[in-house]
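Take a look at the structure below.
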Amino acid sequence: MTITQKLDWPRDEDEQWAAVVELRLALDQQAPADLTQRILAEAHDAVTDTGRTASDLFGAPEAYARAAAEERVGEEYRARIDARGMTPGERFTASLATLGVVGFVVAVTQWLRDGLWQQASWSSVAGFSAIVLAAVLMAATLSAHAAGRIVGARGFAVGAVLAMGAGIAAAGALPDERLFEFPAPALAVAGGALIVAAVVLPDAAVDRWFTPGLEGSDERWLSHVEGLLRGRHAMPAAEARAHVQEARQHLASSGESAEQAFGRAEVYALRLAEGPRREQRLARRKLYGVTAMALLLAVIFVDELREREPTSVWFWFYVGALGYWIWYAARLWRRESSAGGDRP
C-alpha cells in the first residue's frame with residue numbers, strides 16, 4: 001500500500017497532487033521511503049488544518065518534490081546511492097530477487113507446458129548452471145561498478161563471460177540422454193527461495209562486501225574516488241583522473257590526509273560529479289545499455305523466432321520482449337537527439 005492511500009486527503013485533487021509528489025520523490029530525487037512519508041504527512045496536516053488545496057499551499061507537485069528533496073535529503077544519503085536510487089547492496093539483492101522471479105516463472109511455465117516431471121541431462125544441467133552463475137556474476141558486476149570497484153567489476157564481468165562460454169561448450173559436448181527426472185515445482189521452490197533470500201539478506205551487510213577499506217591510505221582513498229566518479233557517476237576516465245590528480249597535488253602541498261582535507265570519499269565524489277552534466281552522462285549510459293540489451297536480445301531471439309510457429313505462446317513472448325526493448329531503445333535515441341549535443 002502506498003503512502004497516498006494511507007493518508008485520507010480531503011479532495012481528489014489533493015490526493016492526485018500527493019501521488020505526483022510521491023512519484024517524483026522516488027524517481028527523480030531517490031528520497032528514502034520514510035522521508036517521503038514525513039513530507040507527505042506534513043503536507044497532509046497543513047491541507048487539513050487550513051482547508052486549502054495542496055496546490056494553493058505548496059504549488060506544483062514536481063517543484064515541491066524537488067525543493068523538499070534539496071532541503072531535506074542530505075549529501076550523506078545521496079552519496080551512497082546510484083542513479084536508480086539504490087546502494088550497491090540494494091542493487092545486488094534486487095538482482096537476486098529478479099533472478100528468483102524469472103526462475104519461478106520459467107519453472108511454472110515448464111510445468112504447465114511439459115507436465116509435472118521434467119527430464120534432466122548432463123548438457124541441460126551444465127547449461128542451466130552456467131546461466132545461473134553468469135546471472136549472479138553480472139549482478140555482482142553491476143553492483144561493484146556502482147560501488148566504484150572498477151577492477152572488481154571487470155573481474156566479475158570476465159567471470160560471467162567465461163561461465164557462459166564454458167556452459168555453452170559443455171552443453172554441446174556432454175551427452176543429451178536422460179540423467180534423472182525431477183518435479184517441476186522443485187525449480188519453482190528454488191526460485192522462491194532465492195527471492196526470500198534476497199529479501200532477508202541485509203542490504204547494509206552486502207554494501208560492506210563492495211566497500212573497500214580506506215583507513216590509513218590516501219592512495220586507496222584517491223583510487224576509490226576515481227572509481228566512484230567513473231562507476232557511480234558515469235564520468236569519463238580522463239576527467240576522473242584529472243580530478244584525482246588535483247586532489248593528490250593538494251594533499252602533497254598541504255600535508256593533510258585525504259579524509260581530513262576532503263571528508264568521506266563518497267561525498268567528495270558526489271560533489272565533484274553533481275550538476276547537469278552528471279545527468280547527461282547517466283542518461284547516455286542508460287541509452288547505451290538499453291541499446292546493447294536490444295541488440296543482444298535480437299541476436300539471441302532470432303533463431304528462436306525461426307524455429308517457433310506463430311501459433312506458439314513462446315513465439316509471441318519473444319516478439320513482445322524484443323519489440324519492447326527495440327521500442328525502448330528507439331525512444332531513448334529520439335530523446336537524446338531532441339536534447340541536442342552537449343557532451344561532457
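Numbering starts fresh at 1 for the residues of each chain in the C-alpha cells, the chains themselves are lettered A, B, ... in the order given, and ligands are numbered from 1 as they appear.
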
_Could you pull out the alpha helix (DSSP H) residues of range 123-313 of chain A, going by DSSP on the backbone, and write them as a VMD selection string?_
chain A and resid 123 to 146 150 to 173 184 to 200 203 to 210 218 to 231 237 to 254 258 to 262 265 to 273 276 to 307 313

*Would you give me, as a PyMOL selection string, the residues in range 83-286 of chain A that DSSP reads as strand (DSSP E)?*
chain A and resi 117-120+180-183

Can you spit out the residues from that selection as a PDB file, in the first residue's frame, using C-alpha atoms?
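Output file again_27.pdb follows:
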ATOM      1  CA  TRP A 117       8.015 -34.396 -14.210  1.00  0.00           C
ATOM      2  CA  GLN A 118      10.927 -32.828 -16.066  1.00  0.00           C
ATOM      3  CA  GLN A 119      13.931 -34.620 -17.531  1.00  0.00           C
ATOM      4  CA  ALA A 120      17.493 -33.512 -16.882  1.00  0.00           C
ATOM      5  CA  PHE A 180      17.305 -38.142 -13.898  1.00  0.00           C
ATOM      6  CA  GLU A 181      13.784 -36.792 -13.522  1.00  0.00           C
ATOM      7  CA  PHE A 182      12.643 -34.135 -11.084  1.00  0.00           C
ATOM      8  CA  PRO A 183       9.328 -32.442 -10.260  1.00  0.00           C
TER       9      PRO A 183
END

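Closest to Thr93 in chain A among A:Gln249, A:Ser143, A:Thr311, A:Ser217 is A:Ser143, based on only C-alpha atoms.
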
*Would you kindly return, as a ChimeraX atom specification, each protein, DNA or RNA residue with an atom no farther than 12 Å from any atom of Val73 in chain A, considering only C-alpha atoms and excluding same-chain residues fewer than 5 positions away?*
/A:25-26,29-36,39,65-68,78-81

Could you please take those selected residues and save all heavy atoms as a compact mmCIF listing (two decimals), in the first residue's frame?
# COMPACT_ATOMS: atom_id res chain seq x y z
N LEU A 25 9.49 12.17 -5.88
CA LEU A 25 10.48 11.95 -4.83
C LEU A 25 11.18 10.61 -5.02
O LEU A 25 12.39 10.49 -4.79
CB LEU A 25 9.81 12.01 -3.45
CG LEU A 25 9.45 13.39 -2.93
CD1 LEU A 25 8.62 13.27 -1.65
CD2 LEU A 25 10.69 14.23 -2.66
N ALA A 26 10.43 9.61 -5.43
CA ALA A 26 11.01 8.28 -5.60
C ALA A 26 11.87 8.19 -6.86
O ALA A 26 12.99 7.67 -6.81
CB ALA A 26 9.90 7.23 -5.64
N GLN A 29 14.28 12.12 -7.25
CA GLN A 29 15.12 12.54 -6.12
C GLN A 29 15.69 11.38 -5.32
O GLN A 29 16.52 11.59 -4.45
CB GLN A 29 14.32 13.46 -5.18
CG GLN A 29 13.60 14.60 -5.90
CD GLN A 29 14.54 15.51 -6.66
OE1 GLN A 29 15.70 15.68 -6.27
NE2 GLN A 29 14.07 16.10 -7.75
N GLN A 30 15.21 10.17 -5.58
CA GLN A 30 15.66 8.98 -4.84
C GLN A 30 15.59 9.20 -3.32
O GLN A 30 16.52 8.84 -2.58
CB GLN A 30 17.09 8.58 -5.24
CG GLN A 30 17.22 8.03 -6.63
CD GLN A 30 17.45 9.11 -7.67
OE1 GLN A 30 18.23 10.01 -7.45
NE2 GLN A 30 16.78 9.02 -8.79
N ALA A 31 14.51 9.82 -2.89
CA ALA A 31 14.35 10.08 -1.46
C ALA A 31 14.02 8.79 -0.72
O ALA A 31 13.30 7.93 -1.25
CB ALA A 31 13.23 11.10 -1.23
N PRO A 32 14.52 8.60 0.50
CA PRO A 32 14.17 7.42 1.28
C PRO A 32 12.67 7.37 1.55
O PRO A 32 12.00 8.40 1.64
CB PRO A 32 14.95 7.59 2.59
CG PRO A 32 15.85 8.74 2.39
CD PRO A 32 15.41 9.52 1.22
N ALA A 33 12.13 6.16 1.68
CA ALA A 33 10.69 5.99 1.86
C ALA A 33 10.19 6.68 3.12
O ALA A 33 9.11 7.29 3.12
CB ALA A 33 10.35 4.51 1.89
N ASP A 34 10.96 6.61 4.23
CA ASP A 34 10.50 7.23 5.46
C ASP A 34 10.47 8.75 5.34
O ASP A 34 9.57 9.41 5.90
CB ASP A 34 11.36 6.80 6.65
CG ASP A 34 12.83 7.13 6.45
OD1 ASP A 34 13.24 7.37 5.30
OD2 ASP A 34 13.58 7.14 7.45
N LEU A 35 11.42 9.33 4.61
CA LEU A 35 11.40 10.77 4.41
C LEU A 35 10.22 11.18 3.55
O LEU A 35 9.55 12.19 3.81
CB LEU A 35 12.71 11.24 3.76
CG LEU A 35 12.79 12.73 3.43
CD1 LEU A 35 12.62 13.59 4.68
CD2 LEU A 35 14.11 13.06 2.73
N THR A 36 9.94 10.42 2.50
CA THR A 36 8.76 10.69 1.66
C THR A 36 7.50 10.67 2.50
O THR A 36 6.62 11.52 2.35
CB THR A 36 8.67 9.65 0.54
OG1 THR A 36 9.83 9.73 -0.28
CG2 THR A 36 7.44 9.87 -0.31
N ILE A 39 7.30 13.89 4.57
CA ILE A 39 6.99 15.06 3.74
C ILE A 39 5.51 15.09 3.40
O ILE A 39 4.83 16.13 3.52
CB ILE A 39 7.85 15.04 2.46
CG1 ILE A 39 9.31 15.33 2.81
CG2 ILE A 39 7.34 16.06 1.45
CD1 ILE A 39 10.26 15.16 1.64
N ALA A 65 8.34 18.63 -4.83
CA ALA A 65 9.16 17.45 -4.57
C ALA A 65 10.64 17.78 -4.69
O ALA A 65 11.46 17.36 -3.86
CB ALA A 65 8.77 16.32 -5.53
N ARG A 66 10.99 18.55 -5.71
CA ARG A 66 12.39 18.92 -5.92
C ARG A 66 12.90 19.79 -4.77
O ARG A 66 13.99 19.56 -4.24
CB ARG A 66 12.54 19.66 -7.26
CG ARG A 66 13.98 20.01 -7.60
CD ARG A 66 14.11 20.50 -9.03
NE ARG A 66 13.25 21.65 -9.30
CZ ARG A 66 12.14 21.60 -10.03
NH1 ARG A 66 11.76 20.47 -10.57
NH2 ARG A 66 11.42 22.69 -10.23
N ALA A 67 12.09 20.78 -4.37
CA ALA A 67 12.52 21.68 -3.29
C ALA A 67 12.63 20.93 -1.96
O ALA A 67 13.58 21.14 -1.19
CB ALA A 67 11.53 22.84 -3.16
N ALA A 68 11.67 20.06 -1.68
CA ALA A 68 11.71 19.31 -0.42
C ALA A 68 12.92 18.39 -0.37
O ALA A 68 13.56 18.24 0.67
CB ALA A 68 10.42 18.50 -0.26
N ARG A 78 22.58 10.85 -0.43
CA ARG A 78 22.70 10.90 -1.88
C ARG A 78 24.04 10.35 -2.36
O ARG A 78 24.14 9.83 -3.47
CB ARG A 78 22.52 12.33 -2.38
CG ARG A 78 21.08 12.83 -2.25
CD ARG A 78 20.88 14.18 -2.89
NE ARG A 78 21.55 15.24 -2.15
CZ ARG A 78 22.57 15.94 -2.61
NH1 ARG A 78 23.05 15.68 -3.82
NH2 ARG A 78 23.12 16.88 -1.89
N ALA A 79 25.06 10.46 -1.52
CA ALA A 79 26.38 9.96 -1.91
C ALA A 79 26.43 8.43 -1.94
O ALA A 79 27.28 7.84 -2.61
CB ALA A 79 27.44 10.48 -0.96
N ARG A 80 25.51 7.77 -1.23
CA ARG A 80 25.54 6.31 -1.14
C ARG A 80 24.77 5.63 -2.26
O ARG A 80 24.88 4.41 -2.43
CB ARG A 80 24.95 5.86 0.20
CG ARG A 80 25.78 6.24 1.41
CD ARG A 80 25.27 5.57 2.67
NE ARG A 80 23.89 5.90 3.01
CZ ARG A 80 22.87 5.07 2.94
NH1 ARG A 80 23.05 3.83 2.52
NH2 ARG A 80 21.66 5.46 3.27
N ILE A 81 23.96 6.37 -3.03
CA ILE A 81 23.08 5.73 -3.99
C ILE A 81 23.52 6.05 -5.42
O ILE A 81 24.22 7.03 -5.68
CB ILE A 81 21.63 6.19 -3.78
CG1 ILE A 81 21.50 7.70 -3.94
CG2 ILE A 81 21.12 5.75 -2.41
CD1 ILE A 81 20.08 8.21 -3.86

*Taking into account only C-alpha atoms, which residue in the set A:Ser95, A:Gly172, A:Gly115, A:Arg334 is nearest to Leu137 in chain A?*
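Between A:Ser95, A:Gly172, A:Gly115, A:Arg334, the residue approaching Leu137 in chain A most closely is A:Ser95.
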
_Env of range 8-13 of chain A: 8 Å cut, atoms = only C-alpha atoms, seq-sep filter 2 positions within chain, self excluded. Answer as a VMD selection string._
chain A and resid 4 to 6 15 to 17 44 47 to 48 53

I need the chosen residues saved as a PDB file, in the first residue's frame, with N, CA, C and O atoms.
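As written to disk, out_13.pdb reads:
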ATOM      1  N   THR A   4       0.076   7.538  -0.250  1.00  0.00           N
ATOM      2  CA  THR A   4      -1.093   8.341  -0.579  1.00  0.00           C
ATOM      3  C   THR A   4      -2.381   7.593  -0.248  1.00  0.00           C
ATOM      4  O   THR A   4      -3.399   8.212   0.020  1.00  0.00           O
ATOM      5  N   GLN A   5      -2.379   6.259  -0.259  1.00  0.00           N
ATOM      6  CA  GLN A   5      -3.562   5.502   0.105  1.00  0.00           C
ATOM      7  C   GLN A   5      -3.778   5.508   1.612  1.00  0.00           C
ATOM      8  O   GLN A   5      -4.899   5.442   2.082  1.00  0.00           O
ATOM      9  N   LYS A   6      -2.729   5.585   2.363  1.00  0.00           N
ATOM     10  CA  LYS A   6      -2.863   5.579   3.817  1.00  0.00           C
ATOM     11  C   LYS A   6      -3.413   6.903   4.330  1.00  0.00           C
ATOM     12  O   LYS A   6      -4.144   6.943   5.299  1.00  0.00           O
ATOM     13  N   GLU A  15      -5.230  14.383  -3.424  1.00  0.00           N
ATOM     14  CA  GLU A  15      -4.679  13.025  -3.494  1.00  0.00           C
ATOM     15  C   GLU A  15      -3.835  12.848  -4.757  1.00  0.00           C
ATOM     16  O   GLU A  15      -2.774  12.216  -4.722  1.00  0.00           O
ATOM     17  N   GLN A  16      -4.301  13.421  -5.865  1.00  0.00           N
ATOM     18  CA  GLN A  16      -3.524  13.354  -7.099  1.00  0.00           C
ATOM     19  C   GLN A  16      -2.218  14.137  -6.969  1.00  0.00           C
ATOM     20  O   GLN A  16      -1.169  13.697  -7.441  1.00  0.00           O
ATOM     21  N   TRP A  17      -2.279  15.291  -6.316  1.00  0.00           N
ATOM     22  CA  TRP A  17      -1.073  16.089  -6.067  1.00  0.00           C
ATOM     23  C   TRP A  17      -0.074  15.285  -5.248  1.00  0.00           C
ATOM     24  O   TRP A  17       1.125  15.238  -5.571  1.00  0.00           O
ATOM     25  N   HIS A  44      -0.104  16.889   4.317  1.00  0.00           N
ATOM     26  CA  HIS A  44      -1.485  16.497   4.624  1.00  0.00           C
ATOM     27  C   HIS A  44      -2.014  17.261   5.829  1.00  0.00           C
ATOM     28  O   HIS A  44      -3.162  17.742   5.834  1.00  0.00           O
ATOM     29  N   VAL A  47      -2.793  20.847   4.765  1.00  0.00           N
ATOM     30  CA  VAL A  47      -4.014  20.918   3.963  1.00  0.00           C
ATOM     31  C   VAL A  47      -5.255  20.741   4.836  1.00  0.00           C
ATOM     32  O   VAL A  47      -6.252  21.463   4.693  1.00  0.00           O
ATOM     33  N   THR A  48      -5.184  19.799   5.768  1.00  0.00           N
ATOM     34  CA  THR A  48      -6.326  19.530   6.643  1.00  0.00           C
ATOM     35  C   THR A  48      -6.595  20.701   7.581  1.00  0.00           C
ATOM     36  O   THR A  48      -7.755  21.097   7.800  1.00  0.00           O
ATOM     37  N   THR A  53      -6.283  23.874  -0.716  1.00  0.00           N
ATOM     38  CA  THR A  53      -5.781  22.749  -1.513  1.00  0.00           C
ATOM     39  C   THR A  53      -4.257  22.676  -1.421  1.00  0.00           C
ATOM     40  O   THR A  53      -3.590  23.669  -1.108  1.00  0.00           O
TER      41      THR A  53
END

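The gap separating CA of Arg84 in chain A from CA of Asp14 in chain A is 27.4 Å, in Å to one decimal.
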